[in-house]
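J.: One structure, pasted below without further comment.
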Amino acid sequence: GNLVVGNYDNLITSGNAFIYNINNTSPHQWKQLVLPGTPRTTTLYGVWYNGGTSYTLVGGLSDEAINVPESQLQLSKAFIIDYDSVTESTSNFAAFTYLNQPSVVTHFEGITTDGGSGYNLSAMWLSQSGALGAAFANITRNADNSFALPTWINVEYPNAKMTTGDTVYQNYVLGVYSLANENG
């Protein structure tokens with residue numbers, strides 16, 4: 001398609017997601033993505049072109065709760081949302097956490113088709129115990145076109161002390177790893 005997504009900070013706010021249409025020649029080429037519920041921060045990391053004017057976007061949102069027990073703290077959730085490039089409208093918003101369980105941080109980092117009616121996604125997560133990791137997720141559509149709960153697979157490079165899930169292509173998660181025996 002013709003969309004690029006990303007994030008920006010300015011002097012007033014941080015964690016702002018944008019959509020850029022490379023074919024738009026008007027002065028308003030950049031559009032800020034505003035999610036339902038007005039989260040504190042929004043990030044966009046992936047865009048998939050469905051055809052016509054339809055795109056599906058993925059990223060993360062922060063909705064920091066005040067005065068909640070630490071065991072219930074969720075700093076961010078991953079989200080998926082549909083976007084129409086002509087009307088600039090969104091639909092079918094859904095937010096998720098790693099393994100569909102409480103987690104401190106979950107972000108979708110990349111999106112591709114699963115070859116059927118759903119999407120394969122790469123994700124990063126941080127558990128309440130402090131574990132950090134990467135995951136592969138598959139999301140299908142429900143009969144009403146909304147998104148079903150993801151199926152999650154943990155991604156961990158053998159003998160690595162850290163693995164990231166930065167993007168996805170077909171059934172492959174791409175990222176970075178650091179071996180446990182490396183110094184520096």
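Residues are named by chain letter and number: chains run A, B, ... in the order of the structure tokens, numbers start at 1 in each chain, and ligands are numbered from 1 in the order shown.
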Name the residues of region 101-142 of chain A that come out as strand (DSSP E) in a backbone DSSP run; write them as a count of residues only.

T.: 25

J.: Hey, which bits of region 71-97 of chain A sit within 6 Å of region 40-62 of chain A, and for each residue what's the closest pair of atoms and how far apart in Å (one decimal), counting only C-alpha atoms, rows by chain and increasing number, as JSON lines?

T.:
{"residue": "A:Leu75", "atom": "CA", "partner": "A:Ser62", "partner_atom": "CA", "distance": 5.5}
{"residue": "A:Ser76", "atom": "CA", "partner": "A:Ser62", "partner_atom": "CA", "distance": 4.2}
{"residue": "A:Lys77", "atom": "CA", "partner": "A:Leu61", "partner_atom": "CA", "distance": 5.5}
{"residue": "A:Ala78", "atom": "CA", "partner": "A:Gly60", "partner_atom": "CA", "distance": 4.3}
{"residue": "A:Phe79", "atom": "CA", "partner": "A:Gly60", "partner_atom": "CA", "distance": 5.6}
{"residue": "A:Ile80", "atom": "CA", "partner": "A:Val58", "partner_atom": "CA", "distance": 4.6}
{"residue": "A:Ile81", "atom": "CA", "partner": "A:Leu57", "partner_atom": "CA", "distance": 5.4}
{"residue": "A:Asp82", "atom": "CA", "partner": "A:Thr56", "partner_atom": "CA", "distance": 4.4}
{"residue": "A:Tyr83", "atom": "CA", "partner": "A:Tyr55", "partner_atom": "CA", "distance": 5.1}
{"residue": "A:Asp84", "atom": "CA", "partner": "A:Ser54", "partner_atom": "CA", "distance": 4.9}
{"residue": "A:Ser85", "atom": "CA", "partner": "A:Thr53", "partner_atom": "CA", "distance": 5.2}

J.: For all heavy atoms, I'd like the residues from the last selection saved as a PDB file, in the first residue's frame.

T.:
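New file selection.pdb:
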ATOM      1  N   LEU A  75       1.411  -1.594  32.326  1.00  0.00           N
ATOM      2  CA  LEU A  75       1.854  -0.337  31.739  1.00  0.00           C
ATOM      3  C   LEU A  75       1.448  -0.213  30.289  1.00  0.00           C
ATOM      4  O   LEU A  75       1.220   0.883  29.802  1.00  0.00           O
ATOM      5  CB  LEU A  75       3.362  -0.181  31.880  1.00  0.00           C
ATOM      6  CG  LEU A  75       3.879  -0.042  33.306  1.00  0.00           C
ATOM      7  CD1 LEU A  75       5.397   0.061  33.303  1.00  0.00           C
ATOM      8  CD2 LEU A  75       3.262   1.152  33.995  1.00  0.00           C
ATOM      9  N   SER A  76       1.406  -1.333  29.583  1.00  0.00           N
ATOM     10  CA  SER A  76       1.018  -1.230  28.181  1.00  0.00           C
ATOM     11  C   SER A  76       0.394  -2.515  27.688  1.00  0.00           C
ATOM     12  O   SER A  76       0.619  -3.585  28.245  1.00  0.00           O
ATOM     13  CB  SER A  76       2.208  -0.854  27.303  1.00  0.00           C
ATOM     14  OG  SER A  76       3.076  -1.944  27.158  1.00  0.00           O
ATOM     15  N   LYS A  77      -0.378  -2.370  26.630  1.00  0.00           N
ATOM     16  CA  LYS A  77      -1.014  -3.499  25.957  1.00  0.00           C
ATOM     17  C   LYS A  77      -0.709  -3.390  24.472  1.00  0.00           C
ATOM     18  O   LYS A  77      -0.518  -2.303  23.939  1.00  0.00           O
ATOM     19  CB  LYS A  77      -2.529  -3.455  26.155  1.00  0.00           C
ATOM     20  CG  LYS A  77      -2.956  -3.599  27.590  1.00  0.00           C
ATOM     21  CD  LYS A  77      -4.457  -3.502  27.704  1.00  0.00           C
ATOM     22  CE  LYS A  77      -4.877  -3.595  29.155  1.00  0.00           C
ATOM     23  NZ  LYS A  77      -6.316  -3.429  29.318  1.00  0.00           N
ATOM     24  N   ALA A  78      -0.688  -4.536  23.810  1.00  0.00           N
ATOM     25  CA  ALA A  78      -0.573  -4.566  22.353  1.00  0.00           C
ATOM     26  C   ALA A  78      -1.957  -4.298  21.770  1.00  0.00           C
ATOM     27  O   ALA A  78      -2.964  -4.609  22.397  1.00  0.00           O
ATOM     28  CB  ALA A  78      -0.070  -5.932  21.906  1.00  0.00           C
ATOM     29  N   PHE A  79      -1.995  -3.699  20.592  1.00  0.00           N
ATOM     30  CA  PHE A  79      -3.293  -3.497  19.953  1.00  0.00           C
ATOM     31  C   PHE A  79      -3.215  -3.762  18.459  1.00  0.00           C
ATOM     32  O   PHE A  79      -2.150  -3.739  17.846  1.00  0.00           O
ATOM     33  CB  PHE A  79      -3.852  -2.090  20.217  1.00  0.00           C
ATOM     34  CG  PHE A  79      -3.160  -0.994  19.446  1.00  0.00           C
ATOM     35  CD1 PHE A  79      -3.561  -0.668  18.158  1.00  0.00           C
ATOM     36  CD2 PHE A  79      -2.115  -0.298  20.012  1.00  0.00           C
ATOM     37  CE1 PHE A  79      -2.928   0.333  17.443  1.00  0.00           C
ATOM     38  CE2 PHE A  79      -1.473   0.710  19.309  1.00  0.00           C
ATOM     39  CZ  PHE A  79      -1.880   1.021  18.023  1.00  0.00           C
ATOM     40  N   ILE A  80      -4.383  -4.009  17.894  1.00  0.00           N
ATOM     41  CA  ILE A  80      -4.567  -4.179  16.458  1.00  0.00           C
ATOM     42  C   ILE A  80      -5.814  -3.387  16.094  1.00  0.00           C
ATOM     43  O   ILE A  80      -6.778  -3.346  16.868  1.00  0.00           O
ATOM     44  CB  ILE A  80      -4.664  -5.677  16.076  1.00  0.00           C
ATOM     45  CG1 ILE A  80      -4.700  -5.869  14.557  1.00  0.00           C
ATOM     46  CG2 ILE A  80      -5.825  -6.350  16.781  1.00  0.00           C
ATOM     47  CD1 ILE A  80      -4.480  -7.321  14.122  1.00  0.00           C
ATOM     48  N   ILE A  81      -5.790  -2.731  14.936  1.00  0.00           N
ATOM     49  CA  ILE A  81      -6.907  -1.884  14.537  1.00  0.00           C
ATOM     50  C   ILE A  81      -6.933  -1.778  13.015  1.00  0.00           C
ATOM     51  O   ILE A  81      -5.885  -1.784  12.364  1.00  0.00           O
ATOM     52  CB  ILE A  81      -6.801  -0.479  15.192  1.00  0.00           C
ATOM     53  CG1 ILE A  81      -8.092   0.314  15.069  1.00  0.00           C
ATOM     54  CG2 ILE A  81      -5.607   0.286  14.650  1.00  0.00           C
ATOM     55  CD1 ILE A  81      -8.135   1.556  15.954  1.00  0.00           C
ATOM     56  N   ASP A  82      -8.122  -1.702  12.452  1.00  0.00           N
ATOM     57  CA  ASP A  82      -8.270  -1.488  11.010  1.00  0.00           C
ATOM     58  C   ASP A  82      -8.322   0.002  10.717  1.00  0.00           C
ATOM     59  O   ASP A  82      -8.822   0.797  11.522  1.00  0.00           O
ATOM     60  CB  ASP A  82      -9.542  -2.166  10.496  1.00  0.00           C
ATOM     61  CG  ASP A  82      -9.436  -3.682  10.498  1.00  0.00           C
ATOM     62  OD1 ASP A  82      -8.336  -4.200  10.241  1.00  0.00           O
ATOM     63  OD2 ASP A  82     -10.456  -4.344  10.761  1.00  0.00           O
ATOM     64  N   TYR A  83      -7.814   0.383   9.528  1.00  0.00           N
ATOM     65  CA  TYR A  83      -7.742   1.789   9.134  1.00  0.00           C
ATOM     66  C   TYR A  83      -8.114   1.908   7.664  1.00  0.00           C
ATOM     67  O   TYR A  83      -7.652   1.123   6.837  1.00  0.00           O
ATOM     68  CB  TYR A  83      -6.311   2.317   9.354  1.00  0.00           C
ATOM     69  CG  TYR A  83      -6.108   3.746   8.953  1.00  0.00           C
ATOM     70  CD1 TYR A  83      -6.554   4.778   9.758  1.00  0.00           C
ATOM     71  CD2 TYR A  83      -5.448   4.075   7.776  1.00  0.00           C
ATOM     72  CE1 TYR A  83      -6.365   6.107   9.405  1.00  0.00           C
ATOM     73  CE2 TYR A  83      -5.241   5.396   7.411  1.00  0.00           C
ATOM     74  CZ  TYR A  83      -5.700   6.411   8.226  1.00  0.00           C
ATOM     75  OH  TYR A  83      -5.502   7.714   7.868  1.00  0.00           O
ATOM     76  N   ASP A  84      -8.962   2.890   7.348  1.00  0.00           N
ATOM     77  CA  ASP A  84      -9.334   3.192   5.966  1.00  0.00           C
ATOM     78  C   ASP A  84      -8.576   4.444   5.537  1.00  0.00           C
ATOM     79  O   ASP A  84      -8.730   5.509   6.151  1.00  0.00           O
ATOM     80  CB  ASP A  84     -10.844   3.420   5.843  1.00  0.00           C
ATOM     81  CG  ASP A  84     -11.279   3.608   4.414  1.00  0.00           C
ATOM     82  OD1 ASP A  84     -10.916   4.648   3.812  1.00  0.00           O
ATOM     83  OD2 ASP A  84     -11.967   2.720   3.890  1.00  0.00           O
ATOM     84  N   SER A  85      -7.767   4.339   4.484  1.00  0.00           N
ATOM     85  CA  SER A  85      -6.896   5.445   4.082  1.00  0.00           C
ATOM     86  C   SER A  85      -7.641   6.595   3.416  1.00  0.00           C
ATOM     87  O   SER A  85      -7.119   7.713   3.369  1.00  0.00           O
ATOM     88  CB  SER A  85      -5.793   4.946   3.149  1.00  0.00           C
ATOM     89  OG  SER A  85      -6.343   4.408   1.960  1.00  0.00           O
TER      90      SER A  85
END

J.: Using only C-alpha atoms, which residue out of A:Trp30, A:Tyr20, A:Phe136, A:Trp152 lies closest to Leu121 (chain A)?

T.: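 Of the candidates, the smallest distance to Leu121 (chain A) is held by A:Phe136.
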
J.: Which is closest to Pro36 (chain A) among A:Ala180, A:Ala94, A:Val5, A:Ile19, if we use only C-alpha atoms?

T.: A:Ala94

J.: Mind listing the helix (DSSP H, G or I) residues of chain A, per DSSP on the backbone, as a list in words?

T.: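 Helix (DSSP H, G or I) assignments inside chain A correspond to Glu70, Ser71, Gln72, Tyr98, Leu99 and Asn100 of chain A.
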
J.: As a CSV table (one decimal) with all heavy atoms, in the first residue's frame, please: the residues near region 141-143 of chain A (cut-off 12 Å, only C-alpha atoms, same-chain neighbours under 4 positions excluded).

T.:
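Written output follows (selection10.csv):
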chain,number,residue,atom,x,y,z
A,56,THR,N,-4.5,-2.8,8.2
A,56,THR,CA,-4.5,-3.2,9.6
A,56,THR,C,-3.2,-2.7,10.2
A,56,THR,O,-2.1,-3.0,9.7
A,56,THR,CB,-4.7,-4.7,9.7
A,56,THR,OG1,-6.0,-5.0,9.1
A,56,THR,CG2,-4.8,-5.1,11.2
A,80,ILE,N,-4.4,-4.0,17.9
A,80,ILE,CA,-4.6,-4.2,16.5
A,80,ILE,C,-5.8,-3.4,16.1
A,80,ILE,O,-6.8,-3.3,16.9
A,80,ILE,CB,-4.7,-5.7,16.1
A,80,ILE,CG1,-4.7,-5.9,14.6
A,80,ILE,CG2,-5.8,-6.3,16.8
A,80,ILE,CD1,-4.5,-7.3,14.1
A,81,ILE,N,-5.8,-2.7,14.9
A,81,ILE,CA,-6.9,-1.9,14.5
A,81,ILE,C,-6.9,-1.8,13.0
A,81,ILE,O,-5.9,-1.8,12.4
A,81,ILE,CB,-6.8,-0.5,15.2
A,81,ILE,CG1,-8.1,0.3,15.1
A,81,ILE,CG2,-5.6,0.3,14.6
A,81,ILE,CD1,-8.1,1.6,16.0
A,82,ASP,N,-8.1,-1.7,12.5
A,82,ASP,CA,-8.3,-1.5,11.0
A,82,ASP,C,-8.3,0.0,10.7
A,82,ASP,O,-8.8,0.8,11.5
A,82,ASP,CB,-9.5,-2.2,10.5
A,82,ASP,CG,-9.4,-3.7,10.5
A,82,ASP,OD1,-8.3,-4.2,10.2
A,82,ASP,OD2,-10.5,-4.3,10.8
A,92,ASN,N,-12.7,-1.9,14.5
A,92,ASN,CA,-12.3,-3.2,15.0
A,92,ASN,C,-11.1,-3.1,15.9
A,92,ASN,O,-10.2,-4.0,15.9
A,92,ASN,CB,-12.0,-4.1,13.9
A,92,ASN,CG,-13.2,-4.4,13.0
A,92,ASN,OD1,-14.3,-4.6,13.6
A,92,ASN,ND2,-13.1,-4.3,11.7
A,93,PHE,N,-11.0,-2.1,16.8
A,93,PHE,CA,-9.9,-1.9,17.8
A,93,PHE,C,-10.0,-3.1,18.8
A,93,PHE,O,-11.0,-3.4,19.3
A,93,PHE,CB,-10.0,-0.6,18.5
A,93,PHE,CG,-9.1,-0.5,19.7
A,93,PHE,CD1,-7.8,-0.2,19.5
A,93,PHE,CD2,-9.6,-0.7,21.0
A,93,PHE,CE1,-6.9,-0.1,20.6
A,93,PHE,CE2,-8.7,-0.6,22.1
A,93,PHE,CZ,-7.4,-0.3,21.9
A,94,ALA,N,-8.8,-3.7,19.1
A,94,ALA,CA,-8.7,-4.7,20.1
A,94,ALA,C,-7.3,-4.6,20.8
A,94,ALA,O,-6.3,-4.4,20.1
A,94,ALA,CB,-8.9,-6.1,19.5
A,113,THR,N,0.4,-11.2,6.7
A,113,THR,CA,-0.8,-12.2,6.6
A,113,THR,C,-0.4,-13.6,7.0
A,113,THR,O,0.8,-13.9,7.0
A,113,THR,CB,-1.3,-12.2,5.1
A,113,THR,OG1,-2.4,-13.1,5.0
A,113,THR,CG2,-0.2,-12.7,4.2
A,114,ASP,N,-1.4,-14.3,7.5
A,114,ASP,CA,-1.1,-15.7,7.8
A,114,ASP,C,-1.4,-16.6,6.6
A,114,ASP,O,-1.4,-17.8,6.7
A,114,ASP,CB,-1.9,-16.2,9.1
A,114,ASP,CG,-3.4,-16.2,8.9
A,114,ASP,OD1,-3.9,-15.9,7.8
A,114,ASP,OD2,-4.0,-16.5,9.9
A,116,GLY,N,-4.3,-16.8,5.3
A,116,GLY,CA,-5.7,-17.1,5.3
A,116,GLY,C,-6.5,-15.9,5.6
A,116,GLY,O,-6.3,-14.8,5.0
A,117,SER,N,-7.3,-15.9,6.7
A,117,SER,CA,-8.1,-14.8,7.0
A,117,SER,C,-7.6,-14.0,8.2
A,117,SER,O,-8.3,-13.2,8.8
A,117,SER,CB,-9.6,-15.2,7.3
A,117,SER,OG,-9.6,-16.1,8.4
A,118,GLY,N,-6.3,-14.3,8.6
A,118,GLY,CA,-5.8,-13.6,9.8
A,118,GLY,C,-4.4,-13.1,9.6
A,118,GLY,O,-4.0,-12.9,8.5
A,119,TYR,N,-3.8,-12.8,10.7
A,119,TYR,CA,-2.5,-12.1,10.7
A,119,TYR,C,-1.5,-12.8,11.6
A,119,TYR,O,-1.9,-13.3,12.7
A,119,TYR,CB,-2.6,-10.7,11.1
A,119,TYR,CG,-3.6,-9.9,10.3
A,119,TYR,CD1,-4.9,-9.8,10.7
A,119,TYR,CD2,-3.2,-9.3,9.1
A,119,TYR,CE1,-5.8,-9.1,10.0
A,119,TYR,CE2,-4.1,-8.6,8.3
A,119,TYR,CZ,-5.4,-8.5,8.8
A,119,TYR,OH,-6.3,-7.8,8.0
A,147,PHE,N,-11.5,-8.9,15.9
A,147,PHE,CA,-10.4,-9.7,16.1
A,147,PHE,C,-10.6,-10.7,17.2
A,147,PHE,O,-11.0,-10.4,18.3
A,147,PHE,CB,-9.1,-8.9,16.4
A,147,PHE,CG,-8.8,-8.0,15.2
A,147,PHE,CD1,-9.0,-6.7,15.2
A,147,PHE,CD2,-8.2,-8.6,14.1
A,147,PHE,CE1,-8.7,-5.9,14.1
A,147,PHE,CE2,-7.8,-7.8,13.0
A,147,PHE,CZ,-8.1,-6.4,13.0
A,148,ALA,N,-10.2,-12.0,17.0
A,148,ALA,CA,-10.3,-13.0,18.0
A,148,ALA,C,-9.1,-12.9,18.9
A,148,ALA,O,-8.1,-12.2,18.6
A,148,ALA,CB,-10.3,-14.4,17.3
A,149,LEU,N,-9.1,-13.6,20.1
A,149,LEU,CA,-8.0,-13.7,21.0
A,149,LEU,C,-6.8,-14.3,20.2
A,149,LEU,O,-6.9,-15.3,19.5
A,149,LEU,CB,-8.3,-14.5,22.2
A,149,LEU,CG,-9.0,-13.9,23.3
A,149,LEU,CD1,-9.3,-14.9,24.4
A,149,LEU,CD2,-8.3,-12.7,23.9
A,150,PRO,N,-5.6,-13.7,20.4
A,150,PRO,CA,-4.4,-14.3,19.8
A,150,PRO,C,-4.0,-15.7,20.3
A,150,PRO,O,-4.2,-16.0,21.5
A,150,PRO,CB,-3.3,-13.3,20.1
A,150,PRO,CG,-3.9,-12.1,20.7
A,150,PRO,CD,-5.3,-12.5,21.2

J.: What is the CA of Asn10 (chain A) to CA of His107 (chain A) distance in Å?

T.: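 A separation of 21.5 Å between them.
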
J.: Which neighbours of region 155-170 of chain A fall inside 6 Å, counting only C-alpha atoms, when residues of the same chain fewer than 4 positions from it are skipped, and could you give them as a ChimeraX atom specification?

T.: /A:109-110,122-124,134-135,174-180
